[in-house]
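Source file start13.tsv; content: TSV, C-alpha atoms.
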```tsv
chain	number	residue	atom	x	y	z
A	1	MET	CA	36.10	25.16	-12.42
A	2	LYS	CA	32.34	25.05	-11.97
A	3	TYR	CA	30.07	22.56	-13.72
A	4	LEU	CA	26.32	22.84	-14.35
A	5	VAL	CA	24.18	19.94	-15.55
A	6	MET	CA	20.73	21.01	-16.74
A	7	LEU	CA	18.72	17.79	-17.00
A	8	CYS	CA	15.42	18.37	-18.80
A	9	ASP	CA	13.56	15.13	-18.12
A	10	GLY	CA	11.87	13.66	-21.21
A	11	MET	CA	12.51	16.80	-23.30
A	12	SER	CA	13.50	14.95	-26.48
A	13	ASP	CA	10.59	14.15	-28.81
A	14	GLU	CA	9.45	13.53	-32.37
A	15	PRO	CA	7.77	15.90	-34.85
A	16	PHE	CA	4.16	16.36	-33.73
A	17	ALA	CA	1.21	17.48	-35.86
A	18	GLN	CA	-0.16	19.82	-33.18
A	19	LEU	CA	3.18	21.66	-33.22
A	20	ASP	CA	3.27	22.17	-37.01
A	21	ASN	CA	5.21	18.90	-37.35
A	22	LYS	CA	7.99	20.24	-35.15
A	23	THR	CA	9.33	18.82	-31.91
A	24	PRO	CA	8.85	20.77	-28.67
A	25	MET	CA	12.59	21.56	-28.73
A	26	GLN	CA	12.24	23.00	-32.23
A	27	LYS	CA	9.09	24.94	-31.32
A	28	ALA	CA	10.31	26.37	-28.02
A	29	TYR	CA	11.89	29.81	-27.72
A	30	LYS	CA	15.04	28.94	-25.79
A	31	PRO	CA	17.68	31.60	-26.50
A	32	CYS	CA	20.07	30.47	-23.76
A	33	MET	CA	20.26	26.83	-24.91
A	34	ASP	CA	20.63	27.95	-28.52
A	35	SER	CA	23.34	30.49	-27.74
A	36	LEU	CA	25.34	27.84	-25.86
A	37	ALA	CA	24.90	25.48	-28.83
A	38	GLN	CA	26.34	28.14	-31.13
A	39	LYS	CA	29.59	28.09	-29.13
A	40	GLY	CA	29.58	24.51	-27.88
A	41	GLU	CA	29.44	20.86	-28.88
A	42	VAL	CA	26.10	19.28	-29.82
A	43	GLY	CA	25.48	15.62	-30.55
A	44	LEU	CA	23.56	12.51	-29.55
A	45	VAL	CA	24.12	10.28	-26.53
A	46	LYS	CA	22.69	6.82	-25.84
A	47	THR	CA	21.62	6.99	-22.19
A	48	VAL	CA	19.67	3.71	-22.07
A	49	GLN	CA	21.83	0.63	-22.46
A	50	ASP	CA	20.62	-2.22	-24.64
A	51	GLY	CA	18.45	-4.59	-22.64
A	52	MET	CA	17.43	-1.93	-20.09
A	53	LYS	CA	14.00	-0.36	-19.82
A	54	PRO	CA	13.98	3.35	-20.76
A	55	GLY	CA	13.28	4.83	-17.34
A	56	SER	CA	14.48	7.97	-15.61
A	57	ASP	CA	16.34	5.72	-13.19
A	58	VAL	CA	18.79	4.05	-15.58
A	59	ALA	CA	19.00	7.14	-17.81
A	60	ASN	CA	19.86	9.59	-15.01
A	61	LEU	CA	22.34	7.10	-13.57
A	62	ALA	CA	24.01	7.11	-16.99
A	63	VAL	CA	24.15	10.92	-17.20
A	64	LEU	CA	25.68	10.94	-13.71
A	65	GLY	CA	28.34	8.47	-14.86
A	66	TYR	CA	27.03	5.19	-13.44
A	67	GLU	CA	26.73	2.17	-15.72
A	68	ALA	CA	23.24	0.79	-15.10
A	69	LYS	CA	24.19	-2.82	-15.80
A	70	ARG	CA	26.72	-2.57	-12.98
A	71	TYR	CA	25.00	-0.34	-10.45
A	72	TYR	CA	21.24	-0.55	-11.02
A	73	SER	CA	19.25	-2.64	-8.53
A	74	GLY	CA	15.77	-1.24	-9.22
A	75	ARG	CA	14.00	2.10	-9.17
A	76	SER	CA	12.11	1.93	-5.90
A	77	PRO	CA	15.13	1.37	-3.61
A	78	LEU	CA	16.57	4.65	-4.86
A	79	GLU	CA	13.31	6.36	-3.95
A	80	ALA	CA	13.30	4.55	-0.61
A	81	ALA	CA	16.69	6.10	0.15
A	82	SER	CA	15.21	9.54	-0.47
A	83	ILE	CA	12.32	8.86	1.89
A	84	GLY	CA	14.82	7.78	4.54
A	85	ILE	CA	13.93	4.10	4.71
A	86	ASP	CA	16.73	1.99	6.21
A	87	LEU	CA	16.66	-1.06	3.95
A	88	LYS	CA	17.97	-4.51	4.81
A	89	ALA	CA	19.74	-6.58	2.17
A	90	THR	CA	16.77	-8.97	2.18
A	91	ASP	CA	14.13	-6.28	1.60
A	92	VAL	CA	12.42	-5.89	-1.77
A	93	THR	CA	10.97	-2.45	-2.50
A	94	PHE	CA	8.28	-1.29	-4.92
A	95	ARG	CA	7.15	2.07	-6.24
A	96	CYS	CA	3.58	2.54	-5.05
A	97	ASN	CA	1.68	5.00	-7.25
A	98	LEU	CA	-1.67	6.46	-6.29
A	99	VAL	CA	-3.64	6.19	-9.53
A	100	THR	CA	-7.13	6.74	-10.90
A	101	LEU	CA	-8.83	3.65	-12.34
A	102	SER	CA	-12.21	3.45	-14.05
A	103	ASP	CA	-15.18	2.04	-12.12
A	104	GLU	CA	-15.92	-1.39	-13.68
A	105	SER	CA	-16.96	-3.94	-11.05
A	106	GLU	CA	-14.12	-6.34	-11.79
A	107	TYR	CA	-10.71	-4.89	-10.96
A	108	SER	CA	-9.03	-6.48	-13.97
A	109	ASP	CA	-11.61	-4.88	-16.30
A	110	LYS	CA	-10.68	-1.35	-15.25
A	111	THR	CA	-8.78	1.20	-17.34
A	112	MET	CA	-5.80	3.32	-16.28
A	113	VAL	CA	-7.43	6.76	-16.33
A	114	ASP	CA	-4.58	8.70	-14.70
A	115	TYR	CA	-1.23	7.38	-13.46
A	116	CYS	CA	-0.87	10.30	-10.99
A	117	ALA	CA	-4.46	10.91	-9.79
A	118	ASP	CA	-4.52	14.51	-11.02
A	119	ASP	CA	-1.13	15.21	-9.42
A	120	ILE	CA	-2.51	14.61	-5.97
A	121	SER	CA	-0.85	16.78	-3.34
A	122	SER	CA	1.61	15.23	-0.90
A	123	ALA	CA	-0.61	16.21	2.04
A	124	GLU	CA	-3.65	14.42	0.60
A	125	ALA	CA	-1.60	11.45	-0.58
A	126	ASN	CA	-0.04	10.96	2.84
A	127	VAL	CA	-3.52	10.58	4.36
A	128	LEU	CA	-4.36	7.84	1.88
A	129	ILE	CA	-1.04	6.00	2.18
A	130	GLU	CA	-1.29	6.04	5.97
A	131	TYR	CA	-4.82	4.62	5.60
A	132	ILE	CA	-3.48	1.89	3.31
A	133	GLN	CA	-0.75	1.10	5.84
A	134	GLU	CA	-3.31	0.82	8.63
A	135	ASN	CA	-5.42	-1.62	6.62
A	136	LEU	CA	-2.92	-3.52	4.46
A	137	GLY	CA	0.40	-3.07	6.25
A	138	ASN	CA	1.76	-5.80	8.53
A	139	ASP	CA	5.05	-7.38	9.62
A	140	GLU	CA	5.70	-8.40	6.02
A	141	PHE	CA	4.50	-5.38	4.02
A	142	SER	CA	5.06	-1.73	4.98
A	143	TYR	CA	3.87	1.37	3.10
A	144	TYR	CA	5.76	4.67	3.28
A	145	PRO	CA	4.49	8.06	2.06
A	146	GLY	CA	6.59	9.96	-0.45
A	147	VAL	CA	5.88	12.96	-2.67
A	148	SER	CA	2.64	13.60	-4.60
A	149	TYR	CA	1.54	10.31	-6.20
A	150	ARG	CA	4.91	8.56	-5.67
A	151	HIS	CA	5.21	6.28	-2.64
A	152	CYS	CA	6.99	3.12	-1.51
A	153	LEU	CA	6.16	-0.42	-0.40
A	154	VAL	CA	8.78	-2.54	1.39
A	155	TRP	CA	8.38	-6.34	1.41
A	156	ASP	CA	10.36	-7.90	4.27
A	157	ASN	CA	12.29	-10.93	2.94
A	158	GLY	CA	10.49	-10.35	-0.34
A	159	LYS	CA	10.81	-12.29	-3.54
A	160	MET	CA	10.96	-10.71	-6.98
A	161	GLU	CA	12.06	-13.65	-9.12
A	162	GLY	CA	9.73	-14.04	-12.08
A	163	LEU	CA	7.81	-10.84	-11.32
A	164	SER	CA	6.44	-8.88	-14.26
A	165	LEU	CA	5.25	-5.39	-13.30
A	166	THR	CA	4.33	-2.48	-15.57
A	167	PRO	CA	4.80	1.27	-14.91
A	168	PRO	CA	1.35	2.92	-14.85
A	169	HIS	CA	2.52	5.84	-17.01
A	170	ASP	CA	3.08	3.31	-19.81
A	171	ILE	CA	-0.59	2.32	-19.97
A	172	THR	CA	-2.57	5.56	-19.77
A	173	ASP	CA	-6.08	5.08	-21.23
A	174	ARG	CA	-5.52	1.34	-21.63
A	175	PRO	CA	-7.42	-1.53	-19.95
A	176	ILE	CA	-5.20	-2.90	-17.18
A	177	LYS	CA	-6.03	-6.60	-17.74
A	178	GLU	CA	-2.83	-7.31	-19.68
A	179	TYR	CA	-0.66	-5.31	-17.28
A	180	ILE	CA	-1.63	-6.49	-13.80
A	181	PRO	CA	1.20	-8.17	-11.83
A	182	GLN	CA	2.27	-11.49	-13.29
A	183	GLY	CA	4.65	-14.23	-12.13
A	184	GLU	CA	5.03	-16.70	-9.33
A	185	ASN	CA	5.50	-14.06	-6.61
A	186	SER	CA	2.81	-11.67	-7.79
A	187	THR	CA	-0.29	-12.95	-5.96
A	188	ALA	CA	0.14	-10.97	-2.74
A	189	LEU	CA	0.94	-7.78	-4.66
A	190	TYR	CA	-2.11	-8.06	-6.89
A	191	ASP	CA	-4.37	-8.87	-3.92
A	192	MET	CA	-3.25	-5.65	-2.20
A	193	MET	CA	-3.94	-3.62	-5.33
A	194	VAL	CA	-7.48	-5.05	-5.54
A	195	LYS	CA	-8.11	-4.43	-1.84
A	196	SER	CA	-6.77	-0.89	-2.12
A	197	TYR	CA	-9.52	0.01	-4.58
A	198	GLU	CA	-12.21	-1.12	-2.16
A	199	LEU	CA	-10.55	0.88	0.61
A	200	LEU	CA	-9.98	4.07	-1.36
A	201	LYS	CA	-12.95	4.46	-3.71
A	202	ASP	CA	-15.27	5.78	-0.99
A	203	HIS	CA	-12.66	7.37	1.25
A	204	PRO	CA	-13.90	10.81	2.42
A	205	LEU	CA	-10.85	12.49	0.93
A	206	ASN	CA	-11.64	11.06	-2.50
A	207	ILE	CA	-15.29	11.99	-2.23
A	208	GLU	CA	-14.20	15.54	-1.49
A	209	ARG	CA	-11.78	15.50	-4.43
A	210	ILE	CA	-14.58	14.45	-6.78
A	211	LYS	CA	-16.72	17.33	-5.52
A	212	ARG	CA	-13.86	19.70	-6.39
A	213	GLY	CA	-13.67	18.29	-9.92
A	214	LYS	CA	-10.51	16.27	-9.17
A	215	ARG	CA	-9.92	12.65	-10.05
A	216	PRO	CA	-9.98	10.27	-7.07
A	217	ALA	CA	-6.82	8.43	-6.05
A	218	ASN	CA	-8.79	5.19	-5.93
A	219	SER	CA	-6.08	2.53	-6.17
A	220	ILE	CA	-2.44	1.81	-5.54
A	221	TRP	CA	-0.29	0.51	-8.41
A	222	LEU	CA	2.88	-1.43	-7.62
A	223	TRP	CA	5.92	-1.53	-9.90
A	224	GLY	CA	9.66	-0.74	-10.06
A	225	GLU	CA	10.81	-3.60	-7.82
A	226	GLY	CA	14.38	-3.64	-6.51
A	227	THR	CA	16.84	-4.25	-3.71
A	228	LYS	CA	19.19	-2.09	-1.66
A	229	PRO	CA	21.52	-0.15	-4.02
A	230	ALA	CA	25.25	0.36	-3.65
A	231	LEU	CA	26.63	3.34	-5.62
A	232	ASP	CA	30.21	4.56	-5.47
A	233	SER	CA	30.35	8.12	-4.19
A	234	PHE	CA	30.28	10.77	-6.90
A	235	TYR	CA	33.34	12.45	-5.39
A	236	SER	CA	35.38	9.23	-5.35
A	237	LYS	CA	34.54	8.64	-9.02
A	238	PHE	CA	35.18	12.14	-10.36
A	239	GLY	CA	36.94	14.20	-7.71
A	240	VAL	CA	34.30	16.94	-7.63
A	241	HIS	CA	31.75	17.80	-4.97
A	242	GLY	CA	28.23	17.55	-6.43
A	243	SER	CA	24.73	18.71	-5.52
A	244	MET	CA	21.36	17.50	-6.78
A	245	ILE	CA	18.32	19.76	-7.11
A	246	SER	CA	15.13	17.86	-7.94
A	247	ALA	CA	11.49	17.60	-6.93
A	248	VAL	CA	11.30	13.81	-7.26
A	249	ASP	CA	12.34	11.11	-4.81
A	250	LEU	CA	14.14	9.08	-7.48
A	251	LEU	CA	16.76	11.77	-8.16
A	252	LYS	CA	17.06	12.66	-4.50
A	253	GLY	CA	17.62	8.98	-3.73
A	254	ILE	CA	20.31	8.66	-6.38
A	255	ALA	CA	22.04	11.71	-4.88
A	256	ILE	CA	21.89	10.30	-1.36
A	257	CYS	CA	23.24	6.92	-2.49
A	258	ALA	CA	26.06	8.70	-4.38
A	259	ASP	CA	26.92	10.92	-1.38
A	260	MET	CA	25.90	14.06	-3.24
A	261	ASN	CA	24.20	16.95	-1.49
A	262	SER	CA	20.43	16.67	-2.09
A	263	VAL	CA	18.73	20.08	-1.96
A	264	ASP	CA	15.03	20.49	-1.17
A	265	VAL	CA	13.26	23.41	-2.85
A	266	GLU	CA	9.97	24.62	-1.43
A	267	GLY	CA	7.23	24.51	-4.06
A	268	ALA	CA	9.08	22.08	-6.34
A	269	THR	CA	6.34	19.82	-7.70
A	270	GLY	CA	7.71	17.83	-10.63
A	271	TYR	CA	5.20	19.45	-13.01
A	272	ILE	CA	4.95	22.68	-14.99
A	273	ASP	CA	3.79	24.55	-11.87
A	274	THR	CA	7.09	23.82	-10.12
A	275	ASN	CA	9.14	26.53	-8.46
A	276	PHE	CA	11.53	27.31	-11.32
A	277	GLU	CA	12.90	30.42	-9.59
A	278	GLY	CA	13.49	28.44	-6.40
A	279	LYS	CA	15.53	25.83	-8.26
A	280	CYS	CA	17.58	28.58	-9.88
A	281	LYS	CA	18.31	30.23	-6.52
A	282	ALA	CA	19.17	26.87	-4.94
A	283	ALA	CA	21.69	26.14	-7.71
A	284	ILE	CA	23.38	29.52	-7.36
A	285	ASP	CA	23.50	29.07	-3.58
A	286	GLU	CA	25.16	25.67	-3.96
A	287	PHE	CA	27.86	27.16	-6.17
A	288	LYS	CA	28.36	30.02	-3.70
A	289	ASN	CA	28.69	27.46	-0.89
A	290	GLY	CA	31.63	25.84	-2.66
A	291	GLN	CA	30.10	22.97	-4.61
A	292	ASP	CA	31.91	22.14	-7.85
A	293	LEU	CA	28.98	20.63	-9.79
A	294	VAL	CA	25.24	21.23	-9.58
A	295	TYR	CA	22.79	18.88	-11.29
A	296	ILE	CA	19.40	20.54	-11.79
A	297	HIS	CA	16.69	18.05	-12.68
A	298	VAL	CA	13.34	19.33	-13.96
A	299	GLU	CA	10.58	16.78	-14.41
A	300	ALA	CA	8.06	19.03	-16.17
A	301	PRO	CA	8.76	18.15	-19.85
A	302	ASP	CA	8.44	14.44	-19.03
A	303	GLU	CA	5.13	14.86	-17.21
A	304	CYS	CA	3.75	16.90	-20.12
A	305	GLY	CA	4.87	14.19	-22.53
A	306	HIS	CA	3.11	11.49	-20.51
A	307	ARG	CA	-0.09	13.54	-20.59
A	308	GLY	CA	0.15	14.38	-24.28
A	309	GLU	CA	0.22	18.11	-23.46
A	310	ALA	CA	2.08	19.52	-26.46
A	311	GLU	CA	1.78	23.24	-25.67
A	312	ASN	CA	2.70	22.68	-22.03
A	313	LYS	CA	5.78	20.70	-23.03
A	314	VAL	CA	6.93	23.61	-25.18
A	315	LYS	CA	6.18	25.98	-22.30
A	316	ALA	CA	8.13	23.79	-19.85
A	317	ILE	CA	11.24	23.97	-22.04
A	318	GLU	CA	10.89	27.75	-22.36
A	319	LEU	CA	10.51	28.13	-18.59
A	320	ILE	CA	13.61	26.02	-17.94
A	321	ASP	CA	15.60	28.16	-20.38
A	322	ASN	CA	14.33	31.48	-19.10
A	323	LYS	CA	13.93	30.96	-15.37
A	324	ILE	CA	16.73	28.49	-14.58
A	325	LEU	CA	19.38	28.04	-17.25
A	326	SER	CA	19.82	31.65	-18.34
A	327	PRO	CA	20.25	33.21	-14.86
A	328	VAL	CA	22.48	30.37	-13.61
A	329	VAL	CA	24.74	30.66	-16.66
A	330	GLU	CA	24.87	34.43	-16.18
A	331	PHE	CA	25.93	33.86	-12.57
A	332	LEU	CA	28.61	31.35	-13.65
A	333	ARG	CA	30.20	33.99	-15.87
A	334	SER	CA	31.52	35.53	-12.64
A	335	TYR	CA	33.95	32.59	-12.46
A	336	ASP	CA	37.04	32.31	-14.65
A	337	ASP	CA	36.09	28.85	-15.92
A	338	PHE	CA	32.80	27.00	-16.11
A	339	ALA	CA	31.12	24.34	-18.22
A	340	VAL	CA	27.50	23.49	-18.94
A	341	LEU	CA	25.89	20.19	-19.98
A	342	VAL	CA	22.27	20.32	-21.16
A	343	CYS	CA	20.40	17.15	-22.10
A	344	PRO	CA	17.29	15.08	-21.51
A	345	ASP	CA	17.59	11.70	-19.81
A	346	HIS	CA	15.38	9.94	-22.38
A	347	PRO	CA	12.73	10.90	-24.95
A	348	THR	CA	9.07	11.05	-23.89
A	349	PRO	CA	7.35	11.43	-27.26
A	350	LEU	CA	3.92	13.07	-27.22
A	351	CYS	CA	2.68	10.56	-29.79
A	352	ILE	CA	3.14	7.56	-27.46
A	353	LYS	CA	2.94	9.30	-24.04
A	354	THR	CA	5.75	7.20	-22.59
A	355	HIS	CA	9.51	6.79	-22.72
A	356	SER	CA	11.58	5.49	-25.60
A	357	SER	CA	15.18	4.20	-25.74
A	358	ASP	CA	16.29	6.45	-28.59
A	359	PRO	CA	19.50	8.48	-28.15
A	360	VAL	CA	18.95	12.03	-26.91
A	361	PRO	CA	20.58	15.33	-27.89
A	362	TYR	CA	23.30	16.72	-25.65
A	363	LEU	CA	24.96	20.14	-25.48
A	364	ILE	CA	28.34	20.81	-23.86
A	365	TYR	CA	29.63	24.36	-23.52
A	366	SER	CA	32.97	25.28	-21.93
A	367	SER	CA	34.10	28.84	-21.25
A	368	ARG	CA	37.69	27.59	-21.61
A	369	GLY	CA	37.28	26.82	-25.27
A	370	GLU	CA	34.33	28.19	-27.18
A	371	LEU	CA	33.70	26.42	-30.47
A	372	ASP	CA	32.16	27.21	-33.84
A	373	GLY	CA	28.95	25.37	-32.98
A	374	VAL	CA	25.52	24.91	-34.52
A	375	PRO	CA	22.55	27.28	-34.98
A	376	ALA	CA	20.27	25.73	-32.35
A	377	PHE	CA	19.85	22.88	-29.89
A	378	THR	CA	17.37	20.44	-31.43
A	379	GLU	CA	17.11	16.72	-32.07
A	380	GLU	CA	17.54	17.11	-35.84
A	381	ILE	CA	20.61	19.31	-35.59
A	382	ALA	CA	22.15	17.04	-32.94
A	383	GLN	CA	21.81	14.08	-35.27
A	384	SER	CA	23.30	16.00	-38.18
A	385	THR	CA	26.57	16.69	-36.32
A	386	ASP	CA	27.66	13.03	-36.27
A	387	ASN	CA	28.85	13.51	-32.68
A	388	PHE	CA	27.70	10.35	-30.91
A	389	ILE	CA	28.41	9.02	-27.42
A	390	SER	CA	27.46	5.35	-27.60
A	391	GLU	CA	27.85	4.66	-23.87
A	392	GLY	CA	25.98	7.31	-21.95
A	393	PHE	CA	27.70	6.56	-18.65
A	394	THR	CA	30.98	7.83	-20.15
A	395	MET	CA	29.56	11.30	-20.86
A	396	MET	CA	30.08	12.67	-17.35
A	397	ASP	CA	33.80	11.92	-17.46
A	398	TYR	CA	33.95	13.42	-20.96
A	399	PHE	CA	32.13	16.53	-19.75
A	400	LEU	CA	34.38	17.00	-16.72
A	401	THR	CA	37.64	16.52	-18.62
A	402	LYS	CA	36.81	18.08	-21.99
```

Written as structure tokens, that's how I'd like the structure from this file.
Amino acid sequence: MKYLVMLCDGMSDEPFAQLDNKTPMQKAYKPCMDSLAQKGEVGLVKTVQDGMKPGSDVANLAVLGYEAKRYYSGRSPLEAASIGIDLKATDVTFRCNLVTLSDESEYSDKTMVDYCADDISSAEANVLIEYIQENLGNDEFSYYPGVSYRHCLVWDNGKMEGLSLTPPHDITDRPIKEYIPQGENSTALYDMMVKSYELLKDHPLNIERIKRGKRPANSIWLWGEGTKPALDSFYSKFGVHGSMISAVDLLKGIAICADMNSVDVEGATGYIDTNFEGKCKAAIDEFKNGQDLVYIHVEAPDECGHRGEAENKVKAIELIDNKILSPVVEFLRSYDDFAVLVCPDHPTPLCIKTHSSDPVPYLIYSSRGELDGVPAFTEEIAQSTDNFISEGFTMMDYFLTK
């Protein structure tokens, strides 16, 4: 039996005026998803437990079968695992975004212009993070380059009690004054953010980016604090050998911590310009190499939601359906038995440009037992079925045993 999980990050949405009051899932031409829905089970699943913030970390853990309230120790340590950082139990880690802030003289008066600095390339970002490490790193604080705008800070013997930190993608176009680090252990973190602006605003790389019409990566933004994670292996939990295909460190880190095979795909960016064909080929190769389950994570719908890019979000869903899901499903038909799970991790509604905790639609298709399903895979139809999985972390077991 082969199992495919097609995780469309942030795909779920709300009706949007620019899309004729339809959701991107309703607007998108996605014949493969819809055909699977017509012979499968469609419903809603609650991937974000009550009391947890609606992030891709806790939501993807849930889809993979890990209860966040038991396993989750923070977002950044999962990303640190992907980067290859050997964490001590006493380390505290932080996600370190490269962001674009407005140019008011007082740091706290600035506005969050862009949480990803125009999707800065990894090569450019590494130059800036290494520069930050040279100037702000020491025996206590160490900066590590990651992918694109996503990087990591490790605080040796750090303290995170009482910290209040805000994801930068939650405050696009907002003044940062109400969202700067708060709490008894926040002073050193905020001081480094302020100093980073002075270091980066006139950096030659940023000056060159401005000349090219790109936004400068003129500050770091620290958030997503956590400590060393301890996940049970995916195989020990479910008895299947799994692979993860993703462009982002978070998902790669989860895979590494769960002893799954993490596959790198050249040209995978986390945005709508990602290498869709490369992810498709990588998935097929993993199945050919004997893996039982392949989890394909595509970040593009989420990024488009954060940016309020309605047409691009529709396009991202169509590209996933056409360039990844359809050919992988066609390949799986060469096996006697296979099953497919398609779902978002969380909604990223265009109207708010950030995540919400609402349940998301899921689709389960099994070649062993085709069903009399529903016409299409959309949020509205999923809700109308009355199929509801109230604890998202149970869905993986349900999918594998259905």

Listing only residues of range 131-208 of chain A within 12 Å of range 269-283 of chain A, what is the closest atom pair and its distance in Å (to one decimal) for each, using only C-alpha atoms, sorted by chain and residue number ascending, as a Markdown table?
```
| residue | atom | partner | partner_atom | distance |
| --- | --- | --- | --- | --- |
| A:Val147 | CA | A:Thr269 | CA | 8.5 |
| A:Ser148 | CA | A:Thr269 | CA | 7.9 |
| A:Tyr149 | CA | A:Gly270 | CA | 10.7 |
| A:Arg150 | CA | A:Gly270 | CA | 10.9 |
```

- Item | Selection near range 298-312 of chain A, 7 Å with only C-alpha atoms, sequence-local residues under 3 positions removed, as an NGL selection string | :A and (7-11 or 169 or 246 or 270-272 or 315-317 or 348-350 or 353-354)

- Item | Point-to-point distance in Å for CA of Met395 in chain A and CA of Arg70 in chain A | 16.2 Å

- Message: Just to confirm, what's the straight-line distance from CA of Leu153 in chain A to CA of Gly213 in chain A in Å (one decimal)?
- Response: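 Spanning CA of Leu153 in chain A to CA of Gly213 in chain A is a straight-line distance of 28.9 Å.
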
- Of the residues A:Asp321, A:Asp232, A:Glu184, A:Asp249, which is the one nearest to His151 in chain A, using all atoms listed in the file?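 Ranked by minimum distance to His151 in chain A, first place goes to A:Asp249.
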
- Message: If we count all atoms listed in the file and set the cut-off at 7 Å, which residues sit around Tyr362 in chain A, ignoring sequence neighbours fewer than 3 positions away in its own chain? Please answer as a ChimeraX atom specification.
- Response: /A:42-45,342-343

- Message: Can you tell me which residues surround Met244 in chain A at a distance of at most 10 Å, considering all atoms listed in the file, apart from same-chain residues fewer than 3 positions away, and format the answer as a list in words?
- Response: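 Close residues of Met244 in chain A: Val5, Ala247, Leu251, Lys252, Gly253, Ile254, Ala255, Ile256, Met260, Asn261, Ser262, Val263, Asp264, Ala282, Ala283, Glu286, Leu293, Val294, Tyr295, Ile296 and His297 of chain A.
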
Selected residues written out, C-alpha atoms, as a PDB file, keeping the file's coordinate frame:
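Heads up, here's the output in again_30.pdb:
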```pdb
ATOM      1  CA  VAL A   5      24.180  19.940 -15.550  1.00  0.00           C
ATOM      2  CA  ALA A 247      11.490  17.600  -6.930  1.00  0.00           C
ATOM      3  CA  LEU A 251      16.760  11.770  -8.160  1.00  0.00           C
ATOM      4  CA  LYS A 252      17.060  12.660  -4.500  1.00  0.00           C
ATOM      5  CA  GLY A 253      17.620   8.980  -3.730  1.00  0.00           C
ATOM      6  CA  ILE A 254      20.310   8.660  -6.380  1.00  0.00           C
ATOM      7  CA  ALA A 255      22.040  11.710  -4.880  1.00  0.00           C
ATOM      8  CA  ILE A 256      21.890  10.300  -1.360  1.00  0.00           C
ATOM      9  CA  MET A 260      25.900  14.060  -3.240  1.00  0.00           C
ATOM     10  CA  ASN A 261      24.200  16.950  -1.490  1.00  0.00           C
ATOM     11  CA  SER A 262      20.430  16.670  -2.090  1.00  0.00           C
ATOM     12  CA  VAL A 263      18.730  20.080  -1.960  1.00  0.00           C
ATOM     13  CA  ASP A 264      15.030  20.490  -1.170  1.00  0.00           C
ATOM     14  CA  ALA A 282      19.170  26.870  -4.940  1.00  0.00           C
ATOM     15  CA  ALA A 283      21.690  26.140  -7.710  1.00  0.00           C
ATOM     16  CA  GLU A 286      25.160  25.670  -3.960  1.00  0.00           C
ATOM     17  CA  LEU A 293      28.980  20.630  -9.790  1.00  0.00           C
ATOM     18  CA  VAL A 294      25.240  21.230  -9.580  1.00  0.00           C
ATOM     19  CA  TYR A 295      22.790  18.880 -11.290  1.00  0.00           C
ATOM     20  CA  ILE A 296      19.400  20.540 -11.790  1.00  0.00           C
ATOM     21  CA  HIS A 297      16.690  18.050 -12.680  1.00  0.00           C
TER      22      HIS A 297
END
```

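Atom pair CA of Ser390 in chain A / CA of Ser12 in chain A: separated by 17.0 Å.
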
- Quick one: residues within 10 Å of range 377-385 of chain A, all atoms listed in the file counted, chain neighbours fewer than 4 positions away excluded, as a PyMOL selection string? chain A and resi 11-15+23-28+30-38+41-45+342-343+359-363+373

- Message: Which residues are near range 398-401 of chain A? Cut-off 10 Å, all atoms listed in the file, ignore same chain within fewer than 5 positions. Put them as an MDAnalysis selection string.
- Response: chainID A and resid 1:3 5 65 238:240 293 339:341 363:366 389 393

Store the residues picked out above in a file with C-alpha atoms, as a short mmCIF file (atom, residue, chain, number, x, y, z; two decimals), in the coordinates of the input.
```
data_model
loop_
_atom_site.label_atom_id
_atom_site.label_comp_id
_atom_site.auth_asym_id
_atom_site.auth_seq_id
_atom_site.Cartn_x
_atom_site.Cartn_y
_atom_site.Cartn_z
CA MET A 1 36.10 25.16 -12.42
CA LYS A 2 32.34 25.05 -11.97
CA TYR A 3 30.07 22.56 -13.72
CA VAL A 5 24.18 19.94 -15.55
CA GLY A 65 28.34 8.47 -14.86
CA PHE A 238 35.18 12.14 -10.36
CA GLY A 239 36.94 14.20 -7.71
CA VAL A 240 34.30 16.94 -7.63
CA LEU A 293 28.98 20.63 -9.79
CA ALA A 339 31.12 24.34 -18.22
CA VAL A 340 27.50 23.49 -18.94
CA LEU A 341 25.89 20.19 -19.98
CA LEU A 363 24.96 20.14 -25.48
CA ILE A 364 28.34 20.81 -23.86
CA TYR A 365 29.63 24.36 -23.52
CA SER A 366 32.97 25.28 -21.93
CA ILE A 389 28.41 9.02 -27.42
CA PHE A 393 27.70 6.56 -18.65
#
```

Starting from the block above, write range 13-18 of chain A out to a file with N, CA and C atoms, as a JSON list (two decimals), in the first residue's frame, please.
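Saved as out_26.json:
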```
[["chain", "number", "residue", "atom", "x", "y", "z"],
["A", 13, "ASP", "N", -9.73, 29.11, 2.75],
["A", 13, "ASP", "CA", -9.94, 30.56, 2.75],
["A", 13, "ASP", "C", -11.42, 30.86, 2.98],
["A", 14, "GLU", "N", -11.77, 32.12, 2.79],
["A", 14, "GLU", "CA", -13.14, 32.60, 2.89],
["A", 14, "GLU", "C", -13.54, 33.24, 1.56],
["A", 15, "PRO", "N", -14.84, 33.34, 1.27],
["A", 15, "PRO", "CA", -15.25, 34.05, 0.05],
["A", 15, "PRO", "C", -14.63, 35.43, -0.01],
["A", 16, "PHE", "N", -14.14, 35.80, -1.20],
["A", 16, "PHE", "CA", -13.36, 37.03, -1.36],
["A", 16, "PHE", "C", -13.91, 37.82, -2.54],
["A", 17, "ALA", "N", -14.14, 39.11, -2.34],
["A", 17, "ALA", "CA", -14.80, 39.94, -3.35],
["A", 17, "ALA", "C", -14.07, 39.90, -4.68],
["A", 18, "GLN", "N", -12.73, 39.94, -4.65],
["A", 18, "GLN", "CA", -11.94, 39.97, -5.88],
["A", 18, "GLN", "C", -12.10, 38.68, -6.69]]
```
